[in-house]
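**Q** Below is the file my_file-v9.cif, with mmCIF, C-alpha atoms and all ligand atoms.
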data_input
#
loop_
_atom_site.label_atom_id
_atom_site.label_comp_id
_atom_site.auth_asym_id
_atom_site.auth_seq_id
_atom_site.Cartn_x
_atom_site.Cartn_y
_atom_site.Cartn_z
CA MET K 1 0.00 0.00 0.00
CA ALA K 2 1.08 3.60 -0.57
CA ILE K 3 -0.16 6.03 2.03
CA ALA K 4 -0.06 9.80 1.54
CA ASN K 5 -0.95 12.36 4.25
CA HIS K 6 -2.78 9.71 6.19
CA PRO K 7 -3.70 10.73 9.74
CA THR K 8 -4.58 7.79 11.96
CA HIS K 9 -7.00 7.46 14.86
CA PRO K 10 -6.03 5.32 17.87
CA GLU K 11 -9.49 3.75 18.20
CA VAL K 12 -9.91 2.46 14.66
CA ASP K 13 -9.90 -1.33 14.53
CA LEU K 14 -11.64 -2.50 11.40
CA LEU K 15 -11.87 -6.19 12.29
CA ASP K 16 -12.58 -5.92 16.02
CA GLY K 17 -16.27 -6.51 16.67
CA ARG K 18 -16.10 -4.57 19.95
CA TRP K 19 -15.31 -1.41 18.01
CA TYR K 20 -18.52 -1.72 15.98
CA ALA K 21 -20.60 -2.78 19.00
CA ASN K 22 -20.19 0.69 20.45
CA GLU K 23 -21.42 2.30 17.20
CA PRO K 24 -18.53 4.79 17.26
CA HIS K 25 -20.14 7.53 15.16
CA GLU K 26 -17.74 10.16 16.50
CA THR K 27 -14.77 8.23 15.18
CA TRP K 28 -16.55 7.50 11.92
CA THR K 29 -17.24 11.23 11.50
CA TRP K 30 -13.59 12.01 12.24
CA MET K 31 -12.56 9.47 9.59
CA ARG K 32 -14.96 10.93 7.01
CA HIS K 33 -13.48 14.37 7.59
CA ASN K 34 -9.80 13.53 8.04
CA ALA K 35 -9.06 10.20 6.36
CA PRO K 36 -12.05 9.18 4.24
CA VAL K 37 -10.03 6.39 2.62
CA TYR K 38 -8.47 4.98 5.77
CA TYR K 39 -5.76 2.34 5.92
CA ASP K 40 -5.80 0.15 9.05
CA GLU K 41 -2.35 -1.34 9.40
CA LYS K 42 -3.42 -3.86 12.06
CA CYS K 43 -5.50 -5.79 9.58
CA ASP K 44 -4.10 -4.53 6.28
CA THR K 45 -7.52 -3.29 5.15
CA TRP K 46 -8.86 -0.01 3.75
CA ALA K 47 -12.09 1.56 4.99
CA ILE K 48 -14.20 3.71 2.67
CA MET K 49 -16.08 6.25 4.75
CA ARG K 50 -17.84 8.69 2.39
CA TYR K 51 -21.15 8.03 0.68
CA LYS K 52 -19.95 9.03 -2.79
CA ASP K 53 -16.87 6.78 -2.58
CA VAL K 54 -18.88 3.79 -1.32
CA LEU K 55 -21.31 4.33 -4.19
CA ALA K 56 -18.50 4.66 -6.76
CA ILE K 57 -17.02 1.33 -5.63
CA GLU K 58 -20.40 -0.41 -5.62
CA LYS K 59 -20.87 0.76 -9.23
CA ASP K 60 -17.45 -0.39 -10.43
CA ASP K 61 -17.40 -4.13 -9.94
CA GLU K 62 -14.64 -4.60 -12.50
CA THR K 63 -12.13 -2.70 -10.37
CA PHE K 64 -13.60 -3.81 -7.04
CA SER K 65 -14.23 -7.53 -6.97
CA SER K 66 -16.53 -9.42 -4.61
CA TYR K 67 -14.56 -12.62 -5.09
CA ARG K 68 -13.60 -12.80 -1.40
CA SER K 69 -16.69 -11.08 -0.07
CA PRO K 70 -18.39 -10.63 2.27
CA ARG K 71 -15.47 -10.49 4.76
CA PRO K 72 -12.02 -8.96 4.17
CA HIS K 73 -9.21 -11.50 3.70
CA GLY K 74 -11.90 -14.19 3.58
CA ASP K 75 -11.75 -17.29 1.44
CA PRO K 76 -13.87 -17.28 -1.72
CA LEU K 77 -17.10 -19.22 -1.14
CA PRO K 78 -19.56 -20.80 -3.59
CA MET K 79 -22.29 -18.25 -2.85
CA MET K 80 -23.49 -15.31 -4.97
CA ILE K 81 -22.17 -12.62 -2.63
CA SER K 82 -18.66 -13.98 -3.15
CA MET K 83 -18.86 -13.98 -6.97
CA ASP K 84 -18.49 -11.46 -9.77
CA ASP K 85 -20.68 -11.17 -12.85
CA PRO K 86 -21.51 -13.04 -15.03
CA GLU K 87 -21.26 -16.02 -12.63
CA HIS K 88 -22.87 -13.95 -9.87
CA LEU K 89 -25.78 -12.92 -12.05
CA ARG K 90 -26.55 -16.50 -13.11
CA ARG K 91 -26.65 -17.58 -9.48
CA ARG K 92 -28.72 -14.58 -8.45
CA MET K 93 -31.31 -15.22 -11.18
CA LEU K 94 -31.87 -18.68 -9.74
CA VAL K 95 -32.52 -17.53 -6.20
CA ASN K 96 -34.34 -14.39 -7.28
CA ARG K 97 -37.42 -16.41 -8.23
CA GLY K 98 -38.47 -16.51 -4.60
CA PHE K 99 -38.07 -12.75 -4.14
CA THR K 100 -39.85 -11.13 -7.09
CA PRO K 101 -41.79 -7.99 -6.07
CA LYS K 102 -45.09 -9.79 -6.67
CA ARG K 103 -44.15 -12.85 -4.59
CA VAL K 104 -43.06 -10.54 -1.80
CA ARG K 105 -46.15 -8.28 -2.01
CA ASP K 106 -48.40 -11.33 -1.80
CA LYS K 107 -46.85 -12.13 1.56
CA GLU K 108 -48.30 -9.12 3.36
CA PRO K 109 -51.29 -10.97 4.93
CA GLU K 110 -49.00 -13.83 6.01
CA ILE K 111 -46.50 -11.38 7.52
CA ARG K 112 -49.30 -9.58 9.41
CA ALA K 113 -50.60 -12.89 10.75
CA ILE K 114 -47.11 -13.86 11.97
CA CYS K 115 -46.64 -10.43 13.63
CA ASN K 116 -49.96 -10.88 15.43
CA GLU K 117 -49.05 -14.41 16.54
CA ILE K 118 -45.76 -13.07 17.92
CA ILE K 119 -47.46 -10.19 19.76
CA ASP K 120 -50.22 -12.54 21.05
CA LYS K 121 -47.56 -14.63 22.81
CA VAL K 122 -46.42 -11.69 24.97
CA CYS K 123 -49.16 -9.04 25.05
CA GLU K 124 -50.90 -10.30 28.19
CA ASN K 125 -47.68 -10.37 30.23
CA GLY K 126 -46.92 -6.63 30.14
CA GLU K 127 -43.23 -7.35 29.63
CA CYS K 128 -40.85 -9.36 27.48
CA ASP K 129 -37.48 -9.29 25.85
CA PHE K 130 -38.00 -7.31 22.66
CA VAL K 131 -35.08 -8.92 20.80
CA TRP K 132 -35.90 -12.57 21.39
CA ASP K 133 -39.68 -12.44 21.77
CA ILE K 134 -40.57 -9.89 19.08
CA ALA K 135 -37.76 -8.88 16.71
CA ALA K 136 -35.92 -12.17 16.05
CA PRO K 137 -38.89 -14.52 15.41
CA LEU K 138 -40.45 -12.64 12.45
CA PRO K 139 -37.53 -12.79 10.00
CA LEU K 140 -36.59 -16.27 11.20
CA ILE K 141 -40.07 -17.70 10.60
CA LEU K 142 -40.38 -16.03 7.20
CA ILE K 143 -37.03 -17.08 5.84
CA GLY K 144 -37.26 -20.56 7.40
CA ASP K 145 -40.66 -21.08 5.73
CA MET K 146 -39.41 -19.78 2.37
CA LEU K 147 -36.44 -22.12 2.51
CA GLY K 148 -38.79 -24.95 3.44
CA PHE K 149 -37.17 -25.94 6.73
CA PRO K 150 -39.39 -27.72 9.26
CA ARG K 151 -40.48 -25.41 12.10
CA GLU K 152 -39.02 -27.69 14.79
CA SER K 153 -35.55 -26.85 13.46
CA TYR K 154 -35.94 -23.07 13.81
CA GLU K 155 -34.40 -22.87 17.25
CA ASP K 156 -31.28 -24.67 16.02
CA LEU K 157 -31.14 -22.47 12.90
CA LEU K 158 -31.31 -19.36 15.06
CA HIS K 159 -28.52 -20.57 17.38
CA TRP K 160 -26.29 -21.56 14.48
CA SER K 161 -26.70 -18.32 12.57
CA ASP K 162 -26.27 -16.27 15.76
CA ASP K 163 -23.09 -18.13 16.66
CA MET K 164 -21.74 -17.65 13.15
CA ILE K 165 -22.26 -13.89 13.35
CA ARG K 166 -20.89 -13.69 16.91
CA GLY K 167 -17.73 -15.26 15.47
CA THR K 168 -17.10 -12.31 13.14
CA THR K 169 -14.64 -10.49 15.35
CA VAL K 170 -10.92 -10.87 15.87
CA SER K 171 -11.23 -10.12 19.59
CA ASP K 172 -12.83 -13.35 20.79
CA PRO K 173 -11.20 -16.68 19.79
CA ALA K 174 -13.86 -18.64 21.76
CA ALA K 175 -16.60 -17.04 19.63
CA THR K 176 -14.65 -17.94 16.48
CA GLU K 177 -14.44 -21.55 17.66
CA LYS K 178 -18.19 -21.62 18.37
CA ALA K 179 -18.88 -20.14 14.94
CA MET K 180 -16.92 -22.98 13.35
CA MET K 181 -18.91 -25.57 15.29
CA ALA K 182 -22.15 -23.87 14.23
CA GLY K 183 -21.01 -23.94 10.60
CA ILE K 184 -20.32 -27.68 10.86
CA ALA K 185 -23.71 -28.34 12.50
CA PHE K 186 -25.56 -26.34 9.83
CA ARG K 187 -23.66 -28.19 7.12
CA GLU K 188 -24.59 -31.64 8.50
CA TYR K 189 -28.21 -30.60 8.91
CA GLN K 190 -28.46 -29.05 5.45
CA LEU K 191 -26.89 -32.11 3.76
CA LYS K 192 -29.81 -34.17 5.08
CA VAL K 193 -32.37 -31.61 3.86
CA ILE K 194 -30.70 -31.52 0.43
CA ALA K 195 -30.68 -35.32 0.16
CA ASP K 196 -34.38 -35.34 1.01
CA ARG K 197 -35.29 -32.63 -1.58
CA ARG K 198 -33.27 -34.35 -4.30
CA THR K 199 -35.22 -37.60 -3.95
CA ARG K 200 -38.61 -35.87 -4.02
CA GLU K 201 -40.57 -34.17 -6.79
CA PRO K 202 -39.73 -30.44 -6.99
CA GLN K 203 -41.58 -28.49 -4.28
CA LYS K 204 -42.23 -24.75 -3.97
CA ASP K 205 -39.63 -24.09 -1.25
CA LEU K 206 -36.31 -22.44 -2.12
CA VAL K 207 -34.12 -25.38 -1.13
CA SER K 208 -36.11 -27.61 -3.46
CA ILE K 209 -36.01 -25.02 -6.27
CA LEU K 210 -32.22 -24.72 -5.91
CA CYS K 211 -31.71 -28.51 -5.73
CA HIS K 212 -33.59 -29.04 -9.00
CA ALA K 213 -32.46 -25.91 -10.85
CA GLU K 214 -30.19 -26.34 -13.86
CA MET K 215 -27.69 -23.79 -15.13
CA ASN K 216 -26.07 -24.55 -18.48
CA GLY K 217 -27.18 -28.15 -18.05
CA GLU K 218 -25.54 -28.42 -14.62
CA LYS K 219 -27.07 -28.60 -11.17
CA LEU K 220 -25.66 -26.91 -8.06
CA ASP K 221 -23.37 -29.18 -6.04
CA ASP K 222 -23.82 -29.81 -2.31
CA GLU K 223 -21.31 -27.16 -1.26
CA SER K 224 -23.00 -24.47 -3.36
CA LEU K 225 -26.41 -25.44 -2.00
CA ILE K 226 -25.13 -25.25 1.59
CA GLN K 227 -23.47 -21.87 1.14
CA GLU K 228 -26.27 -20.28 -0.88
CA THR K 229 -28.94 -21.30 1.63
CA LEU K 230 -26.71 -20.18 4.50
CA LEU K 231 -26.40 -16.75 2.85
CA ILE K 232 -30.19 -16.50 2.56
CA LEU K 233 -30.70 -17.72 6.13
CA ILE K 234 -28.22 -15.25 7.61
CA GLY K 235 -29.25 -12.46 5.23
CA GLY K 236 -32.81 -13.11 6.28
CA ASP K 237 -32.69 -13.75 10.00
CA GLU K 238 -29.68 -11.74 11.24
CA THR K 239 -30.40 -8.33 9.74
CA THR K 240 -34.07 -7.29 9.77
CA ARG K 241 -34.35 -8.09 13.48
CA HIS K 242 -31.80 -5.40 14.32
CA VAL K 243 -33.78 -2.77 12.43
CA ILE K 244 -36.90 -3.80 14.36
CA THR K 245 -35.00 -3.50 17.67
CA GLY K 246 -32.86 -0.49 16.74
CA GLY K 247 -35.89 1.19 15.18
CA MET K 248 -37.94 0.69 18.36
CA LEU K 249 -35.04 1.99 20.42
CA ALA K 250 -34.83 5.11 18.25
CA LEU K 251 -38.57 5.67 18.54
CA MET K 252 -38.38 5.36 22.34
CA SER K 253 -35.65 7.96 22.51
CA HIS K 254 -37.45 10.32 20.08
CA PRO K 255 -40.98 10.54 21.49
CA ASP K 256 -42.07 13.24 19.01
CA GLU K 257 -41.20 11.01 16.07
CA ARG K 258 -42.91 8.09 17.74
CA GLU K 259 -46.08 10.13 18.16
CA LYS K 260 -46.00 11.02 14.47
CA LEU K 261 -45.66 7.37 13.50
CA MET K 262 -48.47 6.47 15.88
CA ALA K 263 -50.74 9.15 14.39
CA ASN K 264 -49.96 8.05 10.81
CA ARG K 265 -49.86 4.29 11.33
CA HIS K 266 -52.75 3.70 8.89
CA ASP K 267 -51.14 5.82 6.17
CA ASP K 268 -49.24 3.32 4.03
CA ALA K 269 -47.00 5.88 2.31
CA TYR K 270 -46.07 7.46 5.64
CA VAL K 271 -44.99 4.16 7.19
CA VAL K 272 -43.09 3.16 4.03
CA ARG K 273 -41.09 6.42 4.23
CA ALA K 274 -40.56 6.07 7.97
CA VAL K 275 -39.09 2.59 7.45
CA GLU K 276 -36.39 4.10 5.19
CA GLU K 277 -35.29 6.36 8.05
CA LEU K 278 -35.22 3.38 10.44
CA LEU K 279 -32.99 1.58 7.94
CA ARG K 280 -30.67 4.57 7.51
CA TRP K 281 -30.51 5.14 11.26
CA VAL K 282 -29.75 1.55 12.25
CA THR K 283 -27.80 0.27 9.20
CA PRO K 284 -27.31 -3.20 10.76
CA ILE K 285 -24.72 -4.44 8.22
CA LYS K 286 -21.66 -2.42 9.13
CA ASN K 287 -19.67 -3.17 6.01
CA MET K 288 -19.17 -5.38 2.99
CA SER K 289 -15.81 -6.10 1.54
CA ARG K 290 -14.24 -5.86 -1.92
CA SER K 291 -10.74 -6.58 -3.37
CA ALA K 292 -9.04 -4.20 -5.80
CA THR K 293 -8.40 -5.89 -9.15
CA LYS K 294 -5.79 -3.25 -10.12
CA ASP K 295 -3.99 -0.28 -8.59
CA VAL K 296 -6.44 2.55 -8.10
CA GLU K 297 -6.34 6.04 -6.60
CA MET K 298 -9.07 7.36 -4.37
CA ASN K 299 -9.06 10.58 -2.37
CA GLY K 300 -5.29 10.86 -2.74
CA GLN K 301 -4.64 7.30 -1.52
CA LYS K 302 -3.32 4.52 -3.73
CA ILE K 303 -5.07 1.21 -3.19
CA GLU K 304 -2.99 -1.55 -4.73
CA GLU K 305 -4.14 -4.57 -6.68
CA GLY K 306 -5.32 -7.34 -4.34
CA GLU K 307 -5.82 -5.09 -1.34
CA GLN K 308 -8.90 -5.44 0.83
CA ILE K 309 -11.52 -2.75 1.26
CA VAL K 310 -14.53 -2.42 3.54
CA LEU K 311 -17.45 -0.22 2.52
CA MET K 312 -18.53 1.48 5.75
CA TYR K 313 -22.30 1.77 5.34
CA PRO K 314 -23.15 3.42 8.71
CA SER K 315 -20.66 6.19 7.98
CA ALA K 316 -21.95 6.69 4.42
CA ASN K 317 -25.49 6.90 5.78
CA ARG K 318 -24.53 9.79 8.10
CA ASP K 319 -22.46 11.67 5.51
CA GLU K 320 -23.14 15.39 5.87
CA GLU K 321 -22.28 15.94 2.19
CA ILE K 322 -25.39 13.95 1.29
CA TYR K 323 -27.77 14.40 4.20
CA GLU K 324 -28.99 17.59 5.77
CA ASP K 325 -28.69 17.07 9.53
CA PRO K 326 -27.61 13.42 9.22
CA PHE K 327 -27.69 12.95 13.01
CA VAL K 328 -31.33 14.01 13.23
CA PHE K 329 -33.77 11.10 13.32
CA ASP K 330 -36.49 12.31 10.97
CA LEU K 331 -39.22 9.92 9.86
CA GLU K 332 -40.40 12.49 7.31
CA ARG K 333 -37.02 12.90 5.60
CA GLU K 334 -37.73 13.82 1.98
CA THR K 335 -34.75 12.29 0.16
CA ASN K 336 -33.30 9.18 1.66
CA ASN K 337 -31.29 7.07 -0.78
CA HIS K 338 -29.46 5.31 2.02
CA LEU K 339 -26.98 2.48 1.42
CA ALA K 340 -28.17 0.10 4.14
CA PHE K 341 -28.92 -2.50 1.43
CA GLY K 342 -25.78 -1.68 -0.58
CA PHE K 343 -26.09 -0.75 -4.24
CA GLY K 344 -25.51 -2.11 -7.74
CA THR K 345 -24.96 -5.68 -8.74
CA HIS K 346 -24.97 -7.08 -5.18
CA PHE K 347 -27.85 -4.88 -3.96
CA CYS K 348 -29.63 -6.84 -1.24
CA LEU K 349 -31.77 -9.60 -2.73
CA GLY K 350 -34.12 -9.52 0.26
CA ALA K 351 -34.64 -5.74 0.38
CA SER K 352 -38.34 -5.80 -0.60
CA LEU K 353 -39.02 -8.57 1.89
CA ALA K 354 -37.18 -6.75 4.69
CA ARG K 355 -38.99 -3.47 3.91
CA LEU K 356 -42.36 -5.20 4.04
CA GLU K 357 -41.55 -7.01 7.30
CA LEU K 358 -40.52 -3.71 8.87
CA LYS K 359 -43.61 -1.85 7.65
CA VAL K 360 -46.04 -4.48 8.91
CA MET K 361 -44.24 -5.07 12.22
CA PHE K 362 -44.19 -1.36 13.09
CA GLU K 363 -47.85 -0.97 12.09
CA GLN K 364 -48.79 -3.84 14.40
CA LEU K 365 -46.58 -2.64 17.24
CA MET K 366 -48.05 0.88 17.07
CA GLU K 367 -51.53 -0.63 17.02
CA ARG K 368 -51.20 -3.29 19.67
CA LEU K 369 -48.34 -2.31 22.03
CA PRO K 370 -48.38 1.49 21.75
CA ASP K 371 -46.63 2.27 25.04
CA ILE K 372 -43.56 0.03 24.94
CA GLN K 373 -40.84 1.35 27.29
CA LEU K 374 -37.43 0.06 28.26
CA LYS K 375 -37.66 -1.88 31.53
CA GLU K 376 -36.26 0.10 34.41
CA GLY K 377 -32.57 -0.60 34.84
CA ALA K 378 -32.49 -2.55 31.56
CA GLU K 379 -29.09 -3.10 30.03
CA LEU K 380 -28.57 -3.14 26.28
CA PRO K 381 -25.58 -5.35 25.48
CA PHE K 382 -24.63 -4.92 21.81
CA ARG K 383 -23.24 -7.89 19.90
CA ALA K 384 -19.53 -7.67 19.12
CA SER K 385 -19.24 -8.32 15.39
CA ASN K 386 -17.31 -6.64 12.61
CA PHE K 387 -20.20 -7.43 10.25
CA ILE K 388 -23.76 -7.31 11.64
CA VAL K 389 -24.43 -5.50 14.91
CA GLY K 390 -27.41 -4.97 17.21
CA PRO K 391 -28.58 -5.48 20.81
CA GLU K 392 -28.38 -8.99 22.25
CA ALA K 393 -31.27 -8.21 24.63
CA MET K 394 -33.78 -5.43 25.19
CA PRO K 395 -36.11 -5.92 28.18
CA ILE K 396 -39.32 -3.89 27.79
CA THR K 397 -42.59 -3.24 29.59
CA PHE K 398 -46.00 -2.18 28.24
CA THR K 399 -49.66 -2.09 29.27
CA PRO K 400 -50.97 -5.66 29.04
CA THR K 401 -53.68 -6.25 26.44
CA ALA K 402 -55.76 -9.26 25.43
CA ALA K 403 -54.47 -11.66 22.80
CA THR K 404 -56.39 -11.65 19.52
CA SER K 405 -56.61 -15.43 19.21
C1 LIG K 501 -32.87 -4.93 6.99
C2 LIG K 501 -32.49 -6.05 6.46
C3 LIG K 501 -31.35 -6.24 5.52
C4 LIG K 501 -30.23 -5.46 5.31
C5 LIG K 501 -29.87 -4.16 5.99
C6 LIG K 501 -29.45 -6.11 4.27
C7 LIG K 501 -28.27 -5.60 3.75
C8 LIG K 501 -27.57 -6.18 2.70
C9 LIG K 501 -26.35 -5.64 2.14
C10 LIG K 501 -25.64 -4.39 2.63
C11 LIG K 501 -25.96 -6.46 1.13
C12 LIG K 501 -24.71 -6.33 0.27
C13 LIG K 501 -24.94 -5.34 -0.83
C14 LIG K 501 -23.72 -4.96 -1.58
O1 LIG K 501 -22.65 -5.61 -1.43
O2 LIG K 501 -23.82 -4.00 -2.36
C15 LIG K 501 -26.94 -7.54 1.06
C16 LIG K 501 -26.87 -8.58 0.17
C17 LIG K 501 -27.72 -9.66 0.23
N1 LIG K 501 -28.82 -9.83 1.05
FE1 LIG K 501 -29.51 -8.50 2.39
N2 LIG K 501 -30.08 -7.26 3.90
C18 LIG K 501 -31.26 -7.37 4.62
C19 LIG K 501 -32.20 -8.36 4.51
C20 LIG K 501 -32.10 -9.47 3.73
C21 LIG K 501 -33.08 -10.50 3.63
C22 LIG K 501 -34.43 -10.52 4.35
C23 LIG K 501 -32.59 -11.42 2.81
C24 LIG K 501 -33.29 -12.70 2.47
C25 LIG K 501 -33.28 -13.30 1.48
C26 LIG K 501 -31.29 -10.97 2.32
C27 LIG K 501 -30.47 -11.62 1.42
C28 LIG K 501 -29.36 -11.06 0.81
C29 LIG K 501 -28.59 -11.73 -0.23
C30 LIG K 501 -28.86 -13.12 -0.80
C31 LIG K 501 -27.57 -10.85 -0.60
C32 LIG K 501 -26.48 -11.07 -1.67
C33 LIG K 501 -26.93 -10.43 -2.95
C34 LIG K 501 -25.90 -10.56 -4.07
O3 LIG K 501 -24.74 -10.87 -3.82
O4 LIG K 501 -26.30 -10.33 -5.23
N3 LIG K 501 -31.03 -9.76 2.91
N4 LIG K 501 -27.90 -7.34 2.02
#
Output the file's structure as structure tokens, nothing else.
**A**
Amino acid sequence: MAIANHPTHPEVDLLDGRWYANEPHETWTWMRHNAPVYYDEKCDTWAIMRYKDVLAIEKDDETFSSYRSPRPHGDPLPMMISMDDPEHLRRRMLVNRGFTPKRVRDKEPEIRAICNEIIDKVCENGECDFVWDIAAPLPLILIGDMLGFPRESYEDLLHWSDDMIRGTTVSDPAATEKAMMAGIAFREYQLKVIADRRTREPQKDLVSILCHAEMNGEKLDDESLIQETLLILIGGDETTRHVITGGMLALMSHPDEREKLMANRHDDAYVVRAVEELLRWVTPIKNMSRSATKDVEMNGQKIEEGEQIVLMYPSANRDEEIYEDPFVFDLERETNNHLAFGFGTHFCLGASLARLELKVMFEQLMERLPDIQLKEGAELPFRASNFIVGPEAMPITFTPTAATS
């Protein structure tokens, strides 16, 4: 690497999950202003802090390859997020069938029914843990059902995917070890599911569709099926939940905004716009990685061929060059082209599904548990991960109400 006029900040640690757990917006702002293309010597990785630079990289997939994505210095994996076009596109077209706008739109009644079931389980108690009782189950149930996994396996799926994400930090070798064990357990489990789907007539679930799909006369091998379904499971169940929790947290600490959402909860367009601000505010995926395919200059820094880059989404989404008052939580923000779902060829495949889950969940929460508060003395431990971050627990109280079924 060639570094010119590069001020450093003692707290930056691009691969340490503890750094991200504290959501260090002050440091990220300092980096945007003083070293927007930041080289972290500890892990030999560049961080891209400004919105326009993140966008430029997302648009230029010839210079910035996803081959080793999603983690810096990671090994290439047989999943779409770790591929470049045209191979990536072929793979994405296969999986995309389950996520067309129409298929997603048709899910609204089902999503509402699941939200109500989830709220029914806790509403009479007057208290619960928001993360585990409300936020985590919705995306897990939806993605588990779409993949066609039996419901009795959902608890295992949740533990495995949680452990895999908890392992994305360099600061905790025990968590890395647990993540490996979870990966092995998921692999063994998924091999059995794949064997079952292969021997049966094609079904409507995604695992079955992928098992029977042919590309250029070839079918996906076991390893590709395992990795692709793991990507969808983790993409589905580890992200949306944090926007539900982080969004609720933001609403609790901005009572005026919460009142506006409450007053407009039956106005579809209002809630749709509000959800975009929740996504910008929380930005649960902290970065995605790319590798430079040739030497390239950016903001006076020379990134050399093969070097690793992380696109720092939470920083881009608070960039004052793009957003007026980026640190103001404003559900009525007029222009909000945030990068929480990335951009370009790898733009999140599940974005429409996540948006719909968030819209319906917040409508139901406003309707049925309108006075949620943090439990007195509640602690909010944030998960240490250099990839996907959010609270591990959020005890809440509310006025008990009757279940609907
Ligand atoms: C709020 C929730 C979510 C957020 C914030 C999120 C964010 C992201 C981001 C940042 C990327 C990478 C984009 C890039 O590199 O440019 C991505 C890719 C992806 N996401 Fe999501 N995601 C969410 C929900 C979901 C859901 C529900 C699914 C379920 C299917 C999903 C599946 C995927 C897949 C398969 C990719 C890889 C796409 C590709 O490589 O072409 N995500 N997501």
**Q** For ligand LIG 501 (chain K), which residue among K:Pro139, K:Pro202, K:Pro78, K:Pro255 is the nearest when counting all atoms listed in the file?
**A** K:Pro139
**Q** Would you mind reading off the distance between atom CA of Phe362 of chain K and atom CA of Asp330 of chain K, one decimal, in Å?
**A**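 A separation of 15.8 Å between them.
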**Q** Got a sec to check which residues lie within 8 Å of ligand LIG 501 (chain K), using all atoms listed in the file, and send them as JSON, numbers by chain?
**A** {"K": [58, 66, 70, 79, 80, 81, 82, 83, 88, 89, 92, 95, 99, 139, 143, 228, 231, 232, 233, 234, 235, 236, 237, 238, 239, 240, 241, 242, 243, 279, 283, 284, 285, 286, 287, 288, 289, 313, 339, 340, 341, 342, 343, 344, 345, 346, 347, 348, 349, 350, 351, 352, 353, 354, 355, 358]}
**Q** Residues within 12 Å of Ser405 of chain K, please, as a list in words. Count all atoms listed in the file; anything in the same chain fewer than 4 positions from it doesn't count.
**A**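 Returned residues: Ala113, Asn116, Glu117, Ile118, Ile119, Asp120, Lys121, Cys123 and Glu124 of chain K.
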**Q** Report, in Å to a single decimal, how far apart atom CA of Leu210 of chain K and atom CA of Ile184 of chain K are.
**A** 20.8 Å
**Q** Excluding segment 157-170 of chain K and its own-chain neighbours fewer than 4 positions away, which residues fall within 8 Å of it when counting all atoms listed in the file? Please give them as JSON, numbers by chain.
**A** {"K": [15, 16, 17, 18, 140, 153, 175, 176, 177, 178, 179, 180, 182, 183, 185, 186, 233, 234, 237, 238, 383, 384, 385, 386, 387, 388]}
**Q** Would you mind telling me which residue in K:Leu374, K:Met93, K:Leu365, K:Ile322 lies nearest to Val122 of chain K when using only C-alpha atoms?
**A**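 Smallest separation from Val122 of chain K among the options: K:Leu365.
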**Q** Can you measure atom CA of Leu261 of chain K to atom CA of Glu332 of chain K for me? One decimal in Å is fine.
**A**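 Those two atoms sit 9.6 Å apart.
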**Q** Within 10 Å of (-38.6, 13.2, 4.4) (coordinates as in the file), grab all the protein and nucleic acid residues, counting all atoms listed in the file, and write them out as a PDB file with C-alpha atoms, in the coordinates of the input.
**A**
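And here's result.pdb as it stands now:
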ATOM      1  CA  TYR K 270     -46.070   7.460   5.640  1.00  0.00           C
ATOM      2  CA  ARG K 273     -41.090   6.420   4.230  1.00  0.00           C
ATOM      3  CA  ALA K 274     -40.560   6.070   7.970  1.00  0.00           C
ATOM      4  CA  GLU K 276     -36.390   4.100   5.190  1.00  0.00           C
ATOM      5  CA  GLU K 277     -35.290   6.360   8.050  1.00  0.00           C
ATOM      6  CA  ASP K 330     -36.490  12.310  10.970  1.00  0.00           C
ATOM      7  CA  LEU K 331     -39.220   9.920   9.860  1.00  0.00           C
ATOM      8  CA  GLU K 332     -40.400  12.490   7.310  1.00  0.00           C
ATOM      9  CA  ARG K 333     -37.020  12.900   5.600  1.00  0.00           C
ATOM     10  CA  GLU K 334     -37.730  13.820   1.980  1.00  0.00           C
ATOM     11  CA  THR K 335     -34.750  12.290   0.160  1.00  0.00           C
ATOM     12  CA  ASN K 336     -33.300   9.180   1.660  1.00  0.00           C
TER      13      ASN K 336
END
